[in-house]
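Colleague: What follows is the file run.pdb, containing PDB, N, CA and C atoms:
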ATOM      1  N   MET A 250     136.153  73.374  78.941
ATOM      2  CA  MET A 250     134.724  73.568  79.100
ATOM      3  C   MET A 250     133.991  72.421  78.399
ATOM      4  N   ARG A 251     133.051  71.817  79.083
ATOM      5  CA  ARG A 251     132.231  70.769  78.478
ATOM      6  C   ARG A 251     131.057  71.402  77.757
ATOM      7  N   GLN A 252     130.823  70.904  76.566
ATOM      8  CA  GLN A 252     129.684  71.373  75.798
ATOM      9  C   GLN A 252     128.610  70.295  75.833
ATOM     10  N   GLN A 253     127.363  70.722  75.816
ATOM     11  CA  GLN A 253     126.225  69.809  75.873
ATOM     12  C   GLN A 253     125.423  69.879  74.577
ATOM     13  N   ILE A 254     125.133  68.713  74.036
ATOM     14  CA  ILE A 254     124.277  68.602  72.877
ATOM     15  C   ILE A 254     123.067  67.779  73.327
ATOM     16  N   HIS A 255     121.896  68.359  73.213
ATOM     17  CA  HIS A 255     120.651  67.684  73.612
ATOM     18  C   HIS A 255     119.861  67.426  72.329
ATOM     19  N   VAL A 256     119.577  66.151  72.055
ATOM     20  CA  VAL A 256     118.845  65.777  70.845
ATOM     21  C   VAL A 256     117.488  65.230  71.246
ATOM     22  N   VAL A 257     116.439  65.811  70.681
ATOM     23  CA  VAL A 257     115.070  65.352  70.914
ATOM     24  C   VAL A 257     114.572  64.737  69.610
ATOM     25  N   LEU A 258     114.156  63.477  69.696
ATOM     26  CA  LEU A 258     113.628  62.759  68.534
ATOM     27  C   LEU A 258     112.144  62.499  68.725
ATOM     28  N   PRO A 259     111.457  62.083  67.664
ATOM     29  CA  PRO A 259     110.044  61.720  67.823
ATOM     30  C   PRO A 259     109.883  60.586  68.844
ATOM     31  N   LYS A 260     108.672  60.368  69.266
ATOM     32  CA  LYS A 260     108.327  59.323  70.238
ATOM     33  C   LYS A 260     109.015  59.551  71.582
ATOM     34  N   GLN A 261     109.226  60.808  71.915
ATOM     35  CA  GLN A 261     109.789  61.216  73.198
ATOM     36  C   GLN A 261     111.146  60.585  73.504
ATOM     37  N   GLN A 262     111.938  60.337  72.473
ATOM     38  CA  GLN A 262     113.295  59.848  72.677
ATOM     39  C   GLN A 262     114.218  61.057  72.783
ATOM     40  N   GLU A 263     115.077  61.038  73.783
ATOM     41  CA  GLU A 263     116.014  62.138  73.987
ATOM     42  C   GLU A 263     117.397  61.594  74.310
ATOM     43  N   PHE A 264     118.396  62.318  73.838
ATOM     44  CA  PHE A 264     119.780  61.932  74.085
ATOM     45  C   PHE A 264     120.563  63.155  74.524
ATOM     46  N   GLN A 265     121.356  62.986  75.580
ATOM     47  CA  GLN A 265     122.266  64.024  76.062
ATOM     48  C   GLN A 265     123.673  63.600  75.666
ATOM     49  N   LEU A 266     124.332  64.427  74.887
ATOM     50  CA  LEU A 266     125.689  64.125  74.444
ATOM     51  C   LEU A 266     126.620  65.214  74.972
ATOM     52  N   ALA A 267     127.697  64.801  75.582
ATOM     53  CA  ALA A 267     128.664  65.760  76.132
ATOM     54  C   ALA A 267     129.937  65.733  75.289
ATOM     55  N   VAL A 268     130.529  66.903  75.135
ATOM     56  CA  VAL A 268     131.783  67.032  74.405
ATOM     57  C   VAL A 268     132.766  67.743  75.309
ATOM     58  N   ASP A 269     133.948  67.185  75.439
ATOM     59  CA  ASP A 269     134.970  67.904  76.203
ATOM     60  C   ASP A 269     136.102  68.271  75.253
ATOM     61  N   GLU A 270     136.997  69.090  75.722
ATOM     62  CA  GLU A 270     138.074  69.594  74.873
ATOM     63  C   GLU A 270     139.213  68.597  74.704
ATOM     64  N   ALA A 271     139.128  67.440  75.312
ATOM     65  CA  ALA A 271     140.209  66.462  75.236
ATOM     66  C   ALA A 271     140.314  65.831  73.841
ATOM     67  N   THR A 272     139.211  65.835  73.095
ATOM     68  CA  THR A 272     139.223  65.227  71.765
ATOM     69  C   THR A 272     138.690  66.218  70.731
ATOM     70  N   PRO A 273     139.459  67.274  70.466
ATOM     71  CA  PRO A 273     138.963  68.304  69.553
ATOM     72  C   PRO A 273     138.889  67.815  68.105
ATOM     73  N   MET A 274     138.010  68.443  67.357
ATOM     74  CA  MET A 274     137.851  68.183  65.933
ATOM     75  C   MET A 274     138.031  69.548  65.255
ATOM     76  N   THR A 275     138.797  69.590  64.187
ATOM     77  CA  THR A 275     138.948  70.858  63.472
ATOM     78  C   THR A 275     137.649  71.176  62.734
ATOM     79  N   ARG A 276     137.513  72.411  62.319
ATOM     80  CA  ARG A 276     136.311  72.819  61.570
ATOM     81  C   ARG A 276     136.203  72.031  60.267
ATOM     82  N   GLU A 277     137.327  71.828  59.601
ATOM     83  CA  GLU A 277     137.318  71.054  58.350
ATOM     84  C   GLU A 277     136.917  69.599  58.604
ATOM     85  N   GLU A 278     137.454  68.992  59.665
ATOM     86  CA  GLU A 278     137.069  67.614  60.008
ATOM     87  C   GLU A 278     135.580  67.531  60.331
ATOM     88  N   ALA A 279     135.077  68.513  61.066
ATOM     89  CA  ALA A 279     133.657  68.528  61.423
ATOM     90  C   ALA A 279     132.788  68.659  60.178
ATOM     91  N   ARG A 280     133.159  69.557  59.300
ATOM     92  CA  ARG A 280     132.398  69.758  58.059
ATOM     93  C   ARG A 280     132.421  68.481  57.215
ATOM     94  N   ASN A 281     133.604  67.865  57.085
ATOM     95  CA  ASN A 281     133.711  66.627  56.307
ATOM     96  C   ASN A 281     132.897  65.496  56.926
ATOM     97  N   TRP A 282     132.920  65.398  58.247
ATOM     98  CA  TRP A 282     132.162  64.337  58.919
ATOM     99  C   TRP A 282     130.665  64.548  58.690
ATOM    100  N   LEU A 283     130.186  65.763  58.897
ATOM    101  CA  LEU A 283     128.764  66.036  58.682
ATOM    102  C   LEU A 283     128.369  65.862  57.217
ATOM    103  N   ASP A 284     129.223  66.296  56.293
ATOM    104  CA  ASP A 284     128.943  66.091  54.871
ATOM    105  C   ASP A 284     128.817  64.602  54.554
ATOM    106  N   GLY A 285     129.737  63.809  55.094
ATOM    107  CA  GLY A 285     129.699  62.361  54.867
ATOM    108  C   GLY A 285     128.434  61.728  55.415
ATOM    109  N   GLN A 286     128.016  62.151  56.604
ATOM    110  CA  GLN A 286     126.793  61.617  57.197
ATOM    111  C   GLN A 286     125.557  62.092  56.438
ATOM    112  N   PHE A 287     125.583  63.322  55.964
ATOM    113  CA  PHE A 287     124.469  63.874  55.194
ATOM    114  C   PHE A 287     124.225  63.008  53.955
ATOM    115  N   VAL A 288     125.305  62.611  53.290
ATOM    116  CA  VAL A 288     125.208  61.758  52.097
ATOM    117  C   VAL A 288     124.856  60.324  52.486
ATOM    118  N   ALA A 289     125.552  59.767  53.480
ATOM    119  CA  ALA A 289     125.333  58.369  53.880
ATOM    120  C   ALA A 289     123.908  58.118  54.361
ATOM    121  N   LEU A 290     123.309  59.113  55.003
ATOM    122  CA  LEU A 290     121.956  58.958  55.537
ATOM    123  C   LEU A 290     120.882  59.443  54.557
ATOM    124  N   ASP A 291     121.286  59.736  53.324
ATOM    125  CA  ASP A 291     120.362  60.190  52.272
ATOM    126  C   ASP A 291     119.523  61.400  52.693
ATOM    127  N   CYS A 292     120.174  62.370  53.291
ATOM    128  CA  CYS A 292     119.471  63.573  53.735
ATOM    129  C   CYS A 292     119.117  64.457  52.548
ATOM    130  N   GLU A 293     118.038  65.187  52.689
ATOM    131  CA  GLU A 293     117.583  66.130  51.670
ATOM    132  C   GLU A 293     117.733  67.548  52.220
ATOM    133  N   PRO A 294     118.123  68.509  51.384
ATOM    134  CA  PRO A 294     118.198  69.906  51.840
ATOM    135  C   PRO A 294     116.829  70.404  52.298
ATOM    136  N   LEU A 295     116.821  71.280  53.283
ATOM    137  CA  LEU A 295     115.575  71.870  53.770
ATOM    138  C   LEU A 295     115.037  72.938  52.824
ATOM    139  N   ARG A 296     115.921  73.600  52.109
ATOM    140  CA  ARG A 296     115.532  74.733  51.270
ATOM    141  C   ARG A 296     115.417  74.315  49.800
ATOM    142  N   ALA A 297     114.427  74.856  49.135
ATOM    143  CA  ALA A 297     114.213  74.549  47.721
ATOM    144  C   ALA A 297     115.404  74.968  46.859
ATOM    145  N   SER A 298     116.152  75.962  47.312
ATOM    146  CA  SER A 298     117.316  76.436  46.561
ATOM    147  C   SER A 298     118.442  75.412  46.563
ATOM    148  N   GLY A 299     118.382  74.463  47.487
ATOM    149  CA  GLY A 299     119.445  73.466  47.607
ATOM    150  C   GLY A 299     120.579  73.908  48.509
ATOM    151  N   LYS A 300     120.563  75.169  48.955
ATOM    152  CA  LYS A 300     121.600  75.672  49.856
ATOM    153  C   LYS A 300     121.414  75.020  51.224
ATOM    154  N   VAL A 301     122.512  74.529  51.785
ATOM    155  CA  VAL A 301     122.435  73.845  53.076
ATOM    156  C   VAL A 301     123.295  74.599  54.089
ATOM    157  N   LEU A 302     122.644  75.246  55.056
ATOM    158  CA  LEU A 302     123.347  75.923  56.136
ATOM    159  C   LEU A 302     123.821  74.888  57.154
ATOM    160  N   SER A 303     124.797  75.247  57.945
ATOM    161  CA  SER A 303     125.330  74.299  58.936
ATOM    162  C   SER A 303     124.246  73.784  59.873
ATOM    163  N   ALA A 304     123.405  74.677  60.378
ATOM    164  CA  ALA A 304     122.339  74.253  61.285
ATOM    165  C   ALA A 304     121.345  73.328  60.582
ATOM    166  N   ASP A 305     121.066  73.607  59.303
ATOM    167  CA  ASP A 305     120.173  72.737  58.531
ATOM    168  C   ASP A 305     120.780  71.342  58.374
ATOM    169  N   LYS A 306     122.077  71.301  58.104
ATOM    170  CA  LYS A 306     122.760  70.022  57.930
ATOM    171  C   LYS A 306     122.727  69.223  59.225
ATOM    172  N   VAL A 307     122.997  69.890  60.342
ATOM    173  CA  VAL A 307     122.950  69.239  61.648
ATOM    174  C   VAL A 307     121.551  68.683  61.907
ATOM    175  N   LEU A 308     120.543  69.482  61.627
ATOM    176  CA  LEU A 308     119.163  69.061  61.854
ATOM    177  C   LEU A 308     118.790  67.863  60.993
ATOM    178  N   ARG A 309     119.154  67.881  59.721
ATOM    179  CA  ARG A 309     118.825  66.771  58.831
ATOM    180  C   ARG A 309     119.566  65.489  59.208
ATOM    181  N   VAL A 310     120.818  65.597  59.608
ATOM    182  CA  VAL A 310     121.561  64.410  60.047
ATOM    183  C   VAL A 310     120.928  63.864  61.318
ATOM    184  N   ALA A 311     120.600  64.742  62.258
ATOM    185  CA  ALA A 311     119.953  64.304  63.506
ATOM    186  C   ALA A 311     118.621  63.620  63.216
ATOM    187  N   GLU A 312     117.871  64.155  62.275
ATOM    188  CA  GLU A 312     116.567  63.596  61.914
ATOM    189  C   GLU A 312     116.710  62.235  61.238
ATOM    190  N   SER A 313     117.695  62.094  60.368
ATOM    191  CA  SER A 313     117.848  60.879  59.573
ATOM    192  C   SER A 313     118.545  59.743  60.314
ATOM    193  N   ALA A 314     119.256  60.078  61.366
ATOM    194  CA  ALA A 314     119.991  59.056  62.119
ATOM    195  C   ALA A 314     119.019  58.168  62.895
ATOM    196  N   ASP A 315     119.214  56.891  62.783
ATOM    197  CA  ASP A 315     118.433  55.926  63.544
ATOM    198  C   ASP A 315     118.809  56.070  65.024
ATOM    199  N   PRO A 316     117.850  55.901  65.936
ATOM    200  CA  PRO A 316     118.189  56.006  67.364
ATOM    201  C   PRO A 316     119.343  55.090  67.796
ATOM    202  N   SER A 317     119.533  53.993  67.090
ATOM    203  CA  SER A 317     120.644  53.104  67.450
ATOM    204  C   SER A 317     121.994  53.787  67.226
ATOM    205  N   LEU A 318     122.054  54.749  66.305
ATOM    206  CA  LEU A 318     123.304  55.480  66.116
ATOM    207  C   LEU A 318     123.633  56.334  67.334
ATOM    208  N   TYR A 319     122.609  56.903  67.959
ATOM    209  CA  TYR A 319     122.847  57.700  69.165
ATOM    210  C   TYR A 319     123.341  56.828  70.316
ATOM    211  N   ALA A 320     122.974  55.554  70.288
ATOM    212  CA  ALA A 320     123.442  54.612  71.313
ATOM    213  C   ALA A 320     124.860  54.118  71.018
ATOM    214  N   ASP A 321     125.318  54.291  69.794
ATOM    215  CA  ASP A 321     126.674  53.889  69.406
ATOM    216  C   ASP A 321     127.646  54.944  69.936
ATOM    217  N   PRO A 322     128.543  54.562  70.838
ATOM    218  CA  PRO A 322     129.425  55.566  71.454
ATOM    219  C   PRO A 322     130.346  56.268  70.456
ATOM    220  N   VAL A 323     130.789  55.582  69.426
ATOM    221  CA  VAL A 323     131.684  56.214  68.446
ATOM    222  C   VAL A 323     130.912  57.221  67.597
ATOM    223  N   TRP A 324     129.764  56.815  67.045
ATOM    224  CA  TRP A 324     128.983  57.714  66.200
ATOM    225  C   TRP A 324     128.495  58.919  67.006
ATOM    226  N   SER A 325     127.922  58.678  68.169
ATOM    227  CA  SER A 325     127.373  59.788  68.962
ATOM    228  C   SER A 325     128.470  60.758  69.405
ATOM    229  N   HIS A 326     129.643  60.234  69.716
ATOM    230  CA  HIS A 326     130.765  61.096  70.105
ATOM    231  C   HIS A 326     131.195  61.968  68.927
ATOM    232  N   ASP A 327     131.320  61.364  67.750
ATOM    233  CA  ASP A 327     131.706  62.127  66.568
ATOM    234  C   ASP A 327     130.629  63.142  66.185
ATOM    235  N   PHE A 328     129.368  62.754  66.283
ATOM    236  CA  PHE A 328     128.260  63.672  65.988
ATOM    237  C   PHE A 328     128.329  64.877  66.927
ATOM    238  N   ALA A 329     128.474  64.616  68.208
ATOM    239  CA  ALA A 329     128.529  65.704  69.194
ATOM    240  C   ALA A 329     129.720  66.623  68.939
ATOM    241  N   ARG A 330     130.878  66.053  68.644
ATOM    242  CA  ARG A 330     132.062  66.883  68.370
ATOM    243  C   ARG A 330     131.857  67.742  67.125
ATOM    244  N   ALA A 331     131.312  67.134  66.071
ATOM    245  CA  ALA A 331     131.103  67.872  64.821
ATOM    246  C   ALA A 331     130.085  68.999  65.016
ATOM    247  N   VAL A 332     128.992  68.706  65.703
ATOM    248  CA  VAL A 332     127.960  69.716  65.948
ATOM    249  C   VAL A 332     128.529  70.864  66.768
ATOM    250  N   SER A 333     129.272  70.530  67.800
ATOM    251  CA  SER A 333     129.816  71.565  68.669
ATOM    252  C   SER A 333     130.770  72.486  67.920
ATOM    253  N   VAL A 334     131.588  71.932  67.037
ATOM    254  CA  VAL A 334     132.522  72.762  66.260
ATOM    255  C   VAL A 334     131.776  73.589  65.225
ATOM    256  N   MET A 335     130.847  72.980  64.507
ATOM    257  CA  MET A 335     130.153  73.681  63.429
ATOM    258  C   MET A 335     129.241  74.795  63.944
ATOM    259  N   LEU A 336     128.612  74.588  65.090
ATOM    260  CA  LEU A 336     127.692  75.590  65.604
ATOM    261  C   LEU A 336     128.315  76.490  66.665
ATOM    262  N   GLY A 337     129.397  76.029  67.295
ATOM    263  CA  GLY A 337     130.186  76.871  68.180
ATOM    264  C   GLY A 337     129.503  77.431  69.415
ATOM    265  N   LYS A 338     128.576  76.714  69.966
ATOM    266  CA  LYS A 338     127.875  77.174  71.177
ATOM    267  C   LYS A 338     128.069  76.144  72.288
ATOM    268  N   PRO A 339     128.079  76.588  73.557
ATOM    269  CA  PRO A 339     128.294  75.651  74.664
ATOM    270  C   PRO A 339     127.114  74.716  74.934
ATOM    271  N   SER A 340     125.916  75.140  74.578
ATOM    272  CA  SER A 340     124.738  74.317  74.806
ATOM    273  C   SER A 340     123.862  74.376  73.554
ATOM    274  N   ILE A 341     123.612  73.216  72.962
ATOM    275  CA  ILE A 341     122.855  73.146  71.715
ATOM    276  C   ILE A 341     121.720  72.157  71.892
ATOM    277  N   ARG A 342     120.522  72.560  71.496
ATOM    278  CA  ARG A 342     119.351  71.680  71.533
ATOM    279  C   ARG A 342     118.875  71.470  70.102
ATOM    280  N   ILE A 343     118.839  70.206  69.694
ATOM    281  CA  ILE A 343     118.365  69.832  68.366
ATOM    282  C   ILE A 343     117.021  69.142  68.572
ATOM    283  N   ASP A 344     115.949  69.835  68.214
ATOM    284  CA  ASP A 344     114.595  69.326  68.412
ATOM    285  C   ASP A 344     114.047  68.904  67.055
ATOM    286  N   VAL A 345     114.122  67.611  66.761
ATOM    287  CA  VAL A 345     113.717  67.101  65.453
ATOM    288  C   VAL A 345     112.218  67.271  65.218
ATOM    289  N   PRO A 346     111.322  66.921  66.176
ATOM    290  CA  PRO A 346     109.890  67.109  65.899
ATOM    291  C   PRO A 346     109.527  68.569  65.577
ATOM    292  N   ALA A 347     110.200  69.518  66.230
ATOM    293  CA  ALA A 347     109.943  70.937  65.980
ATOM    294  C   ALA A 347     110.762  71.481  64.811
ATOM    295  N   MET A 348     111.705  70.664  64.304
ATOM    296  CA  MET A 348     112.615  71.069  63.228
ATOM    297  C   MET A 348     113.328  72.365  63.604
ATOM    298  N   ALA A 349     113.934  72.350  64.808
ATOM    299  CA  ALA A 349     114.585  73.543  65.324
ATOM    300  C   ALA A 349     115.924  73.214  65.995
ATOM    301  N   VAL A 350     116.860  74.109  65.824
ATOM    302  CA  VAL A 350     118.137  74.047  66.526
ATOM    303  C   VAL A 350     118.218  75.331  67.337
ATOM    304  N   THR A 351     118.365  75.189  68.650
ATOM    305  CA  THR A 351     118.456  76.368  69.516
ATOM    306  C   THR A 351     119.709  76.289  70.366
ATOM    307  N   TYR A 352     120.134  77.460  70.842
ATOM    308  CA  TYR A 352     121.371  77.567  71.635
ATOM    309  C   TYR A 352     121.087  78.075  73.016
TER
END
Represent the structure from my file as structure tokens, please.
Modeller:
Amino acid sequence: MRQQIHVVLPKQQEFQLAVDEATPMTREEARNWLDGQFVALDCEPLRASGKVLSADKVLRVAESADPSLYADPVWSHDFARAVSVMLGKPSIRIDVPAMAVTY
């Protein structure tokens, strides 16, 4: 089954990322990849408590990533695989201007 990740960025930029089962990522690999990107992109937690939920982490990484990263086939492929594993839904919409992740 192909999974779809739709990312909406400010200035009406949108990216459609597809994930297929041919290149699976384990949950631990996905968590480690997102954690690494969260740190590398200097993301800040959404909650004052400092607790970071998976959807919050995905949203902050999506927000902090430069649009050129979405054009990079390696980064965008890894992002899509990690998001799909961490959120576990066949269709995911990450709307950065609205600060929302929907399924």
Colleague: Residues within 6.5 Å of Ser340 (chain A), please, as a count of residues only. Count all atoms listed in the file; anything in the same chain fewer than 5 positions from it doesn't count.
Modeller: 6
Colleague: Ranking A:Ala314, A:Val332, A:Ala297, A:Ala304 by minimum distance to Val268 (chain A) and counting only C-alpha atoms, which one comes first?
Modeller: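 Using only C-alpha atoms, the shortest distance to Val268 (chain A) belongs to A:Val332.
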Colleague: Find the distance between atom N of Trp324 (chain A) and CA of Pro273 (chain A) and write it in Å to one decimal.
Modeller: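 Calculated distance between atom N of Trp324 (chain A) and CA of Pro273 (chain A) is 14.9 Å.
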Colleague: Starting from the displayed file, determine the output of the PyMOL selection byres ((chain A and resi 346) around 6.5) and express the residue list as a list in words.
Modeller: Val257, Leu258, Pro259, Asp344, Val345, Ala347, Met348 and Ala349 of chain A
Colleague: Take the residues from that selection and write them out as a short mmCIF file (atom, residue, chain, number, x, y, z; two decimals), keeping the file's coordinate frame, keeping N, CA and C atoms.
Modeller:
data_model
loop_
_atom_site.label_atom_id
_atom_site.label_comp_id
_atom_site.auth_asym_id
_atom_site.auth_seq_id
_atom_site.Cartn_x
_atom_site.Cartn_y
_atom_site.Cartn_z
N VAL A 257 116.44 65.81 70.68
CA VAL A 257 115.07 65.35 70.91
C VAL A 257 114.57 64.74 69.61
N LEU A 258 114.16 63.48 69.70
CA LEU A 258 113.63 62.76 68.53
C LEU A 258 112.14 62.50 68.72
N PRO A 259 111.46 62.08 67.66
CA PRO A 259 110.04 61.72 67.82
C PRO A 259 109.88 60.59 68.84
N ASP A 344 115.95 69.83 68.21
CA ASP A 344 114.60 69.33 68.41
C ASP A 344 114.05 68.90 67.06
N VAL A 345 114.12 67.61 66.76
CA VAL A 345 113.72 67.10 65.45
C VAL A 345 112.22 67.27 65.22
N ALA A 347 110.20 69.52 66.23
CA ALA A 347 109.94 70.94 65.98
C ALA A 347 110.76 71.48 64.81
N MET A 348 111.70 70.66 64.30
CA MET A 348 112.62 71.07 63.23
C MET A 348 113.33 72.36 63.60
N ALA A 349 113.93 72.35 64.81
CA ALA A 349 114.58 73.54 65.32
C ALA A 349 115.92 73.21 66.00
#
Colleague: How many Å lie between CA of Glu263 (chain A) and atom C of Gln286 (chain A), rounded to one decimal?
Modeller: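 These atoms are spaced 20.0 Å apart.
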Colleague: Report as a list in words all protein, DNA and RNA residues lying within 8 Å of Val310 (chain A), evaluated on only N, CA and C atoms, omitting residues in the same chain fewer than 4 positions from it.
Modeller: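 Listed by chain and then number, they are Leu283, Gln286, Phe287, Val288, Leu290, Cys292, Glu293, Ala304, Asp305, Lys306, Ala314 and Asp315 of chain A.
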Colleague: Please run DSSP on the backbone and report, as a list in words, all residues within chain A that come out as strand (DSSP E or B).
Modeller: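 So the strand (DSSP E or B) residues in chain A would be Gln252, Gln253, Ile254, His255, Val256, Val257, Leu258, Gln262, Glu263, Phe264, Gln265, Leu266, Ala267, Val268, Ser340, Ile341, Arg342, Ile343, Asp344, Ala349, Val350 and Thr351 of chain A.
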Colleague: Can you work out the spacing between CA of Arg251 (chain A) and atom C of Ser325 (chain A) in Å, to one decimal?
Modeller: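 Taking CA of Arg251 (chain A) as the start and atom C of Ser325 (chain A) as the end point, the length is 14.0 Å.
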Colleague: Could you check which of A:Val334, A:Pro339, A:Met274, A:Asp291 is closest to Glu312 (chain A), using only C-alpha atoms?
Modeller: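 Using only C-alpha atoms, the shortest distance to Glu312 (chain A) belongs to A:Asp291.
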